[in-house]
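Q: My structure is below; once you've seen it, I'll send some questions.
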Amino acid sequence: MKNSLHVKLLLKITQEYVNSHFTLVFSLLFSLLFLAYSYNFSTQSWRPIVLIFFVIYAIITAYVGFLTLRIKQDLASYSDIRKSTRLLGYPLLLTIVSGNIFSTSFAFLLISRSKTAEYTFAAYALITQLFIIGISALNLFKPYVTDTYLLAMGLFLLLAIFYIVMLMLCTKFVTSEAAPKWMLLPGILLLIASLTGNLFATLLGYSLIQKARKANPSTIEKWQRIWEKILRNTMAVFGLFFIVLMFSLSVTSSWTFDYDFAIENNYGALLQTPSLEYPLGTDNYGRDLFSRIVFGAQISLIVGFFSTIIPALIGGTLGAFSGYYGKATDNIIMRSLDILYAIPGILLAIAIIAAFGANTMNLIIALSVGAIPTYARTMRANVMQLSNFEFVESARALGASDAAIIFKHIVPNSLAPMIVKATLTIGGAVISTSSLSFLGLGIEPHIPEWGNILKVGSTYLETHSYVAIFPGLCIMLLVLSFNFLGDGLRDALDPKSN
Amino acid sequence: MKRLLVFLFIAVLALAGCVQTKTEVEGSKDSKEKGKKTVEVLGMAASEEDMNIVRDQLVKNGFEVKLNIQPDYGSFSAQKDAGNYDLALSSWTTVTGNPDYAVRGLFKTGGDYSIVSDSSLDALIEEASTLTGDAAAAKYKELEQLLVFDQAYIAPLYISNKYQGIYSELVNPKTVHLPKSRAQVWENIEFNDSSKNATEPLILHQTIDSLTSLDPIKGNDGSINTLNTNMYVRLVNLTDTDEVISDGSLSYNHAIAEGNQEYYFILRDDLNFAAVKDGTAVDTGELVSAEDVVFSLNRAKDSKSVPDHRTYSLHENIETVEIVSDLAELQKKKIAGSDQSVLDALSQNLPASVTQLAKDKGTVNNAAGAYQVVKITTPTPFPQVLNYLAHQSGGIVSEKQVTSINTYDVAAYNPDKDIAYGDQATVTEGTATYNNHLYASGPYILIKKNDYEAQFVKNPAYRVGSEYEPKIAKINVRFIADNDSALSALRNGEIHVLQSVPETKLDIVKSDTKLTLNTADSNAVSYLQMNTSGRPVSVSVDLRKAILYSINQDEFISYYQGNKKPAVSTVSPLINTGLKLEADSKKVKEYLKAYND
């Protein structure tokens, strides 16, 4: 009895087992989805390509199921996962070719014993890079590619190899506390590599540099602990992965995707169904939906990011002053913000755009203004609580100025809830951008933006549904990703659980 | 491992050799980048698709394009009046079905909608209006040549077709007409189950809920064209293919006298005015008479007869309107192009042959041979005047009723105080001003309206017993601004006829077993109006021509899946002049070069 309880507990805390379950469920779900789609009910025929995908995913599901059982057995009999089981993870790495991110990440988790944050970063940096290569490679089926295409693809391949090397080095030399001094060089290289938008490389580089420089151990520990918590949360990791992928794709798309396919009308290819040349089909002007969605990510992310950061800064500052000084200052600031808060955000945005015209800059401003009060409230609450703490008292006793106290002592300690809030509201901003474009108030209609694409698609929902489904899915996934990441961050940064 | 790597490397290199880059395919574009001309295109959100295609075509021909998209017609007109455009995406529908109307208001100096001022164009418009047949076609060809190809005041895009959706589960689609120019014909429509005609309301659709005026001469727009056409009978009528006929109108027959300057109409006596009493229509017992015709047409051509007169320019070619009292005049005059007398031409298929012309409406009795005849003269030969008489603004109103309502001084009219005949406030339900004073000479009369719908009932004294007697007793016109929502309403039977199904949704209507799709030609033309003052395009013909030859109509047609037709000017749907606009990027380059030099 005691033993079985022990095993149950062990199963629960073993990340590999939890993850294998997760992978099993999702792989199964996708194979069922492919199966359902592989038969065309209206023409009573099979779709061979989808069927092949079904077979591949079904095999993956079966294999993961086998691994799950094996891990369970191992844990029951040895209280640990055997090396032979871990070796079985290697074939699963190949599933990246099928695009099954769940099984790939599970494979990386399984094959290595050490689970430093660096290892996970390196693994995801690699997966992201491979996905980008795969997605960009679809452009080979186009009549032509951009002039920088080959160069960029070569660079991507080199980066992928670099990440593989880093993955190996991390397993060998990096522990959860320290890294050898020479890791400084790859760390810097990684920071440079993050110019391609691969934020996992940034995280890895930052982490390595910190450890290599033997920085303050408590900082390292804190960093390590936060990431361990986030990385344990599978959904948050996949959320982060999708965000990084989209971000990196929007950075690199300028080199590997031709903008003309996204905005130039092609009357010879109107409303084509998905094919190799047009992976997601074409819209009513014959523009490649795939290119449009990839370029659309740029605007969605830029607007989403800036319309979150601007109100966070303004609202945060106002909230900090209001919370710190209290009394009249508090009343004046907060009551004025209450007035702003009383106006529905989207209506305010519509009014601003209607008055000043539709362009990206105005869109960001319009979406920012309405969000200021909520950030101010969050910051104010934190600052009010913190300003009564002893370390603030002592700083004041030592003669620190108000500004120094607020920005050096209080604000850094109240950032966590702001970060969580910001992450959660980026999703909302992405939706608002798309909604405004959908209403014709956002960005010029021919510019690829997810709301614009969706608007065109909505007209063809009944006849050519894919024009609406793909941008809709992208909006949904990006918002969902931010929400999952936000949840993960909240759990990791929650001071109560520390 | 090493071997594998080497193999991979070679494979990648080999693959890289196969890939074609953009420069290899399209060549260097540097020459195009220099000296790009920025063009501002103004349009409404509803025509976003056309704007996008125009933008694309101009960009591909080396222009930079700035789009100015306005949400509605009001803000579009405001921008247009302010001159904030190079090209304005415009559309025109010739509702009278005659070519003169398609050019006079639009391109003649000082015309109602004209921004063009060109004396040779004015002369051509005047000359063409006096001609008929091949001579007219030749003159309109000259006009198009000047308007489009020589001066490029406009760049034509396409001619639309009409697509009408009918809820055929309930409404008999054979009874629903789709005329080319004329507004919807209500009196013919029947339900499949004819027992429902008397009880069930027919529900039609209209986009605009604010009615300009129910006085036929005070409006000429989408908000009232259909309503007034069905409320006021006219001297003549247009068929589905735009021929002028007397069927379904106030006259038995009409005749054009020799010289094309005198027009005769012999009137029926089976139409009375209807009025609204206690929420329903009653027969006033007053005949729609020649006196009312004279009164109506005189006020139609006189710009000072009412405030906000919006249609006098359509009728400015009427010189006199009079009642003919001398039968000998009709016997003496010959009709144009024949030896037949006017009387003979007017006497076909009458209930009784003409024995006398009634002195006034009191003595009219068709069965006994007493008829009223109206004569209209034009200062110059102008046969197209008949088309204008068939337009809703030529609707016949009651002299007695209109003069009793319009008692104010026209010059000092104050819309807040004075109530004009046909003011929509008098028929808006639930307001203090509700006081329905309408007198309808047509098949239906408006009882009341609100923001949601307008309710009509049939005129109880409109040609009772004939095939033109209104079949359905009640008609509600529902106001739905968004065309896609209107289509949804049609699909679930909330409305019974949708006049304009969007081109992109034709498949949906075709595949729906409850619906029937009706197709017809239309006189609607879309074109780009070039700004004529204050912009580079206003000064340089070369620049205008460069824009003109950038327009590829075939691409528009393929975008609309073949549901549009090529156009040359607003005359194209009415007269085929044989001209054709072909996109030519070589010409664009030449003209742009000439412009830059």
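How things are named: the first chain in the structure tokens is A, the next is B, and so on; residues count from 1 in each chain; ligands count from 1 in the order shown.
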Which residues of stretch 352-448 of chain B sit at most 12 Å from stretch 457-471 of chain B, using only C-alpha atoms? Give each one's shortest atom pair and distance in Å (one decimal place), in chain and ascending residue order, as a Markdown table.
A:
```
| residue | atom | partner | partner_atom | distance |
| --- | --- | --- | --- | --- |
| B:Leu438 | CA | B:Asn459 | CA | 11.8 |
| B:Tyr439 | CA | B:Asn459 | CA | 9.9 |
| B:Ala440 | CA | B:Asn459 | CA | 7.5 |
| B:Ser441 | CA | B:Tyr462 | CA | 7.6 |
| B:Gly442 | CA | B:Tyr462 | CA | 6.9 |
| B:Pro443 | CA | B:Asn459 | CA | 5.2 |
| B:Tyr444 | CA | B:Lys458 | CA | 4.3 |
| B:Ile445 | CA | B:Val457 | CA | 5.6 |
| B:Leu446 | CA | B:Val457 | CA | 6.7 |
| B:Ile447 | CA | B:Val457 | CA | 7.0 |
| B:Lys448 | CA | B:Val457 | CA | 10.0 |
```
Q: Could you tell me which residues of chain B sit within 10 Å of chain A when counting only C-alpha atoms, and give me the result as a PyMOL selection string?
A: chain B and resi 12-13+15-26+45+48-49+51-53+55-57+59-60+66-71+484+504-505+507-508+554-561
Q: Write down as a list in words the residues of stretch 232-394 of chain B whose backbone DSSP state falls under alpha helix (DSSP H).
A: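 Result set for stretch 232-394 of chain B (alpha helix (DSSP H)): Ala290, Glu291, Asp292, Val293, Val294, Phe295, Ser296, Leu297, Asn298, Arg299, Ala300, Lys301, Leu327, Ala328, Glu329, Leu330, Gln331, Lys332, Val342, Leu343, Asp344, Ala345, Leu346, Val385, Leu386, Asn387, Tyr388 and Leu389 of chain B.
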Q: Would you output that residue set with N, CA and C atoms, as a short mmCIF file (atom, residue, chain, number, x, y, z; two decimals), in the first residue's frame?
A:
```cif
data_model
loop_
_atom_site.label_atom_id
_atom_site.label_comp_id
_atom_site.auth_asym_id
_atom_site.auth_seq_id
_atom_site.Cartn_x
_atom_site.Cartn_y
_atom_site.Cartn_z
N ALA B 290 -55.86 65.22 -66.55
CA ALA B 290 -54.91 66.00 -67.34
C ALA B 290 -54.51 67.28 -66.61
N GLU B 291 -55.42 67.83 -65.81
CA GLU B 291 -55.09 69.02 -65.04
C GLU B 291 -53.94 68.71 -64.06
N ASP B 292 -54.03 67.53 -63.41
CA ASP B 292 -52.97 67.13 -62.48
C ASP B 292 -51.64 66.92 -63.22
N VAL B 293 -51.74 66.38 -64.47
CA VAL B 293 -50.53 66.15 -65.26
C VAL B 293 -49.86 67.49 -65.56
N VAL B 294 -50.66 68.45 -66.00
CA VAL B 294 -50.11 69.76 -66.34
C VAL B 294 -49.47 70.39 -65.10
N PHE B 295 -50.21 70.31 -63.99
CA PHE B 295 -49.68 70.87 -62.74
C PHE B 295 -48.36 70.19 -62.35
N SER B 296 -48.34 68.84 -62.39
CA SER B 296 -47.17 68.09 -61.93
C SER B 296 -45.95 68.39 -62.78
N LEU B 297 -46.14 68.40 -64.12
CA LEU B 297 -44.97 68.58 -64.98
C LEU B 297 -44.50 70.03 -64.98
N ASN B 298 -45.41 70.96 -64.80
CA ASN B 298 -44.98 72.35 -64.71
C ASN B 298 -44.14 72.60 -63.46
N ARG B 299 -44.55 71.97 -62.35
CA ARG B 299 -43.73 72.15 -61.16
C ARG B 299 -42.44 71.35 -61.25
N ALA B 300 -42.46 70.26 -62.05
CA ALA B 300 -41.24 69.46 -62.18
C ALA B 300 -40.15 70.22 -62.92
N LYS B 301 -40.55 71.05 -63.91
CA LYS B 301 -39.52 71.73 -64.69
C LYS B 301 -39.15 73.09 -64.11
N LEU B 327 -59.89 68.48 -81.31
CA LEU B 327 -59.68 67.16 -81.91
C LEU B 327 -59.05 67.26 -83.29
N ALA B 328 -59.33 68.37 -83.97
CA ALA B 328 -58.81 68.55 -85.33
C ALA B 328 -57.29 68.58 -85.36
N GLU B 329 -56.69 69.12 -84.28
CA GLU B 329 -55.24 69.18 -84.20
C GLU B 329 -54.63 67.78 -84.29
N LEU B 330 -55.31 66.84 -83.61
CA LEU B 330 -54.81 65.48 -83.60
C LEU B 330 -54.98 64.81 -84.96
N GLN B 331 -56.06 65.18 -85.63
CA GLN B 331 -56.31 64.57 -86.94
C GLN B 331 -55.34 65.10 -87.97
N LYS B 332 -54.97 66.36 -87.81
CA LYS B 332 -54.13 67.04 -88.80
C LYS B 332 -52.67 66.59 -88.70
N VAL B 342 -51.75 61.59 -85.72
CA VAL B 342 -51.55 61.43 -84.28
C VAL B 342 -52.78 60.78 -83.65
N LEU B 343 -53.98 61.18 -84.13
CA LEU B 343 -55.20 60.62 -83.56
C LEU B 343 -55.25 59.11 -83.76
N ASP B 344 -54.86 58.67 -84.96
CA ASP B 344 -54.88 57.24 -85.21
C ASP B 344 -53.91 56.51 -84.29
N ALA B 345 -52.75 57.13 -84.13
CA ALA B 345 -51.74 56.51 -83.27
C ALA B 345 -52.24 56.43 -81.83
N LEU B 346 -52.96 57.45 -81.40
CA LEU B 346 -53.45 57.47 -80.02
C LEU B 346 -54.68 56.58 -79.83
N VAL B 385 -36.91 62.93 -74.18
CA VAL B 385 -37.75 63.52 -73.13
C VAL B 385 -38.69 62.47 -72.55
N LEU B 386 -39.08 61.49 -73.38
CA LEU B 386 -39.99 60.44 -72.91
C LEU B 386 -39.37 59.64 -71.77
N ASN B 387 -38.06 59.40 -71.87
CA ASN B 387 -37.39 58.66 -70.80
C ASN B 387 -37.47 59.43 -69.48
N TYR B 388 -37.33 60.75 -69.57
CA TYR B 388 -37.41 61.55 -68.35
C TYR B 388 -38.82 61.53 -67.78
N LEU B 389 -39.82 61.46 -68.68
CA LEU B 389 -41.20 61.40 -68.19
C LEU B 389 -41.49 60.08 -67.50
#
```
Q: Determine, counting only C-alpha atoms, which protein, DNA and RNA residues have an atom within 6 Å of an atom of stretch 95-106 of chain B; residues of the same chain fewer than 2 positions away are not included. Present the result as a list of chain:residue names.
A: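 Those residues are B:Thr93, B:Lys108, B:Gly111, B:Asp112, B:Tyr113, B:Ser114, B:Ser129, B:Ser181, B:Asp242, B:Asn387, B:Tyr388, B:His391, B:Thr570, B:Val571.
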Q: Can you write out the residues you just picked, keeping C-alpha atoms, as a CSV table (one decimal), in the first residue's frame?
A:
```
chain,number,residue,atom,x,y,z
B,93,THR,CA,-26.7,54.4,-62.7
B,108,LYS,CA,-21.7,69.1,-68.9
B,111,GLY,CA,-24.3,70.0,-64.5
B,112,ASP,CA,-25.8,68.7,-61.2
B,113,TYR,CA,-22.9,66.3,-60.6
B,114,SER,CA,-20.3,67.7,-63.0
B,129,SER,CA,-29.3,64.6,-77.5
B,181,SER,CA,-33.4,50.9,-65.4
B,242,ASP,CA,-35.7,50.2,-71.3
B,387,ASN,CA,-37.4,58.7,-70.8
B,388,TYR,CA,-37.4,61.5,-68.3
B,391,HIS,CA,-38.6,58.7,-64.3
B,570,THR,CA,-21.5,55.9,-68.5
B,571,VAL,CA,-23.1,55.7,-72.0
```
Q: Would you list the contacts of B:Leu87 as a PyMOL selection string, taking every protein, DNA or RNA residue within 6 Å and counting only C-alpha atoms, but skipping same-chain residues closer than 5 positions in sequence?
A: chain B and resi 41+528-530
Q: Produce a file of the selected residues containing C-alpha atoms, as an mmCIF file, in the first residue's frame.
A:
```cif
data_model
loop_
_atom_site.group_PDB
_atom_site.id
_atom_site.type_symbol
_atom_site.label_atom_id
_atom_site.label_comp_id
_atom_site.auth_asym_id
_atom_site.auth_seq_id
_atom_site.Cartn_x
_atom_site.Cartn_y
_atom_site.Cartn_z
ATOM 1 C CA VAL B 41 -7.594 57.514 -54.543
ATOM 2 C CA LEU B 528 -12.602 56.850 -61.721
ATOM 3 C CA GLN B 529 -13.321 60.560 -61.770
ATOM 4 C CA MET B 530 -10.106 62.543 -62.144
#
```
Q: In terms of the shortest atom-to-atom distance over only C-alpha atoms, which of A:Ala376, A:Ala320, A:Ile364, A:Leu301 is closest to A:Met334?
A: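 When distances to A:Met334 are compared using only C-alpha atoms, the smallest one comes from A:Ala376.
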Q: Measuring between only C-alpha atoms, which one of B:Asp240, B:Glu200, B:Asp308, B:Asp215 shows the shortest distance to B:Leu227?
A: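 Checking each of B:Asp240, B:Glu200, B:Asp308, B:Asp215 against B:Leu227, counting only C-alpha atoms, the winner is B:Asp215.
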Q: Using only C-alpha atoms, which protein or nucleic acid residues come within 10 Å of B:His309? Drop anything in the same chain fewer than 4 positions from it, and give the result as a list of chain:residue names.
A: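 Counting only C-alpha atoms, the residues come to B:Asp215, B:Pro216, B:Ile217, B:Lys218, B:Gly219, B:Asn220, B:Arg299, B:Ala300, B:Lys301, B:Asp302, B:Ser303, B:Lys304, B:Ser305, B:Ser313.
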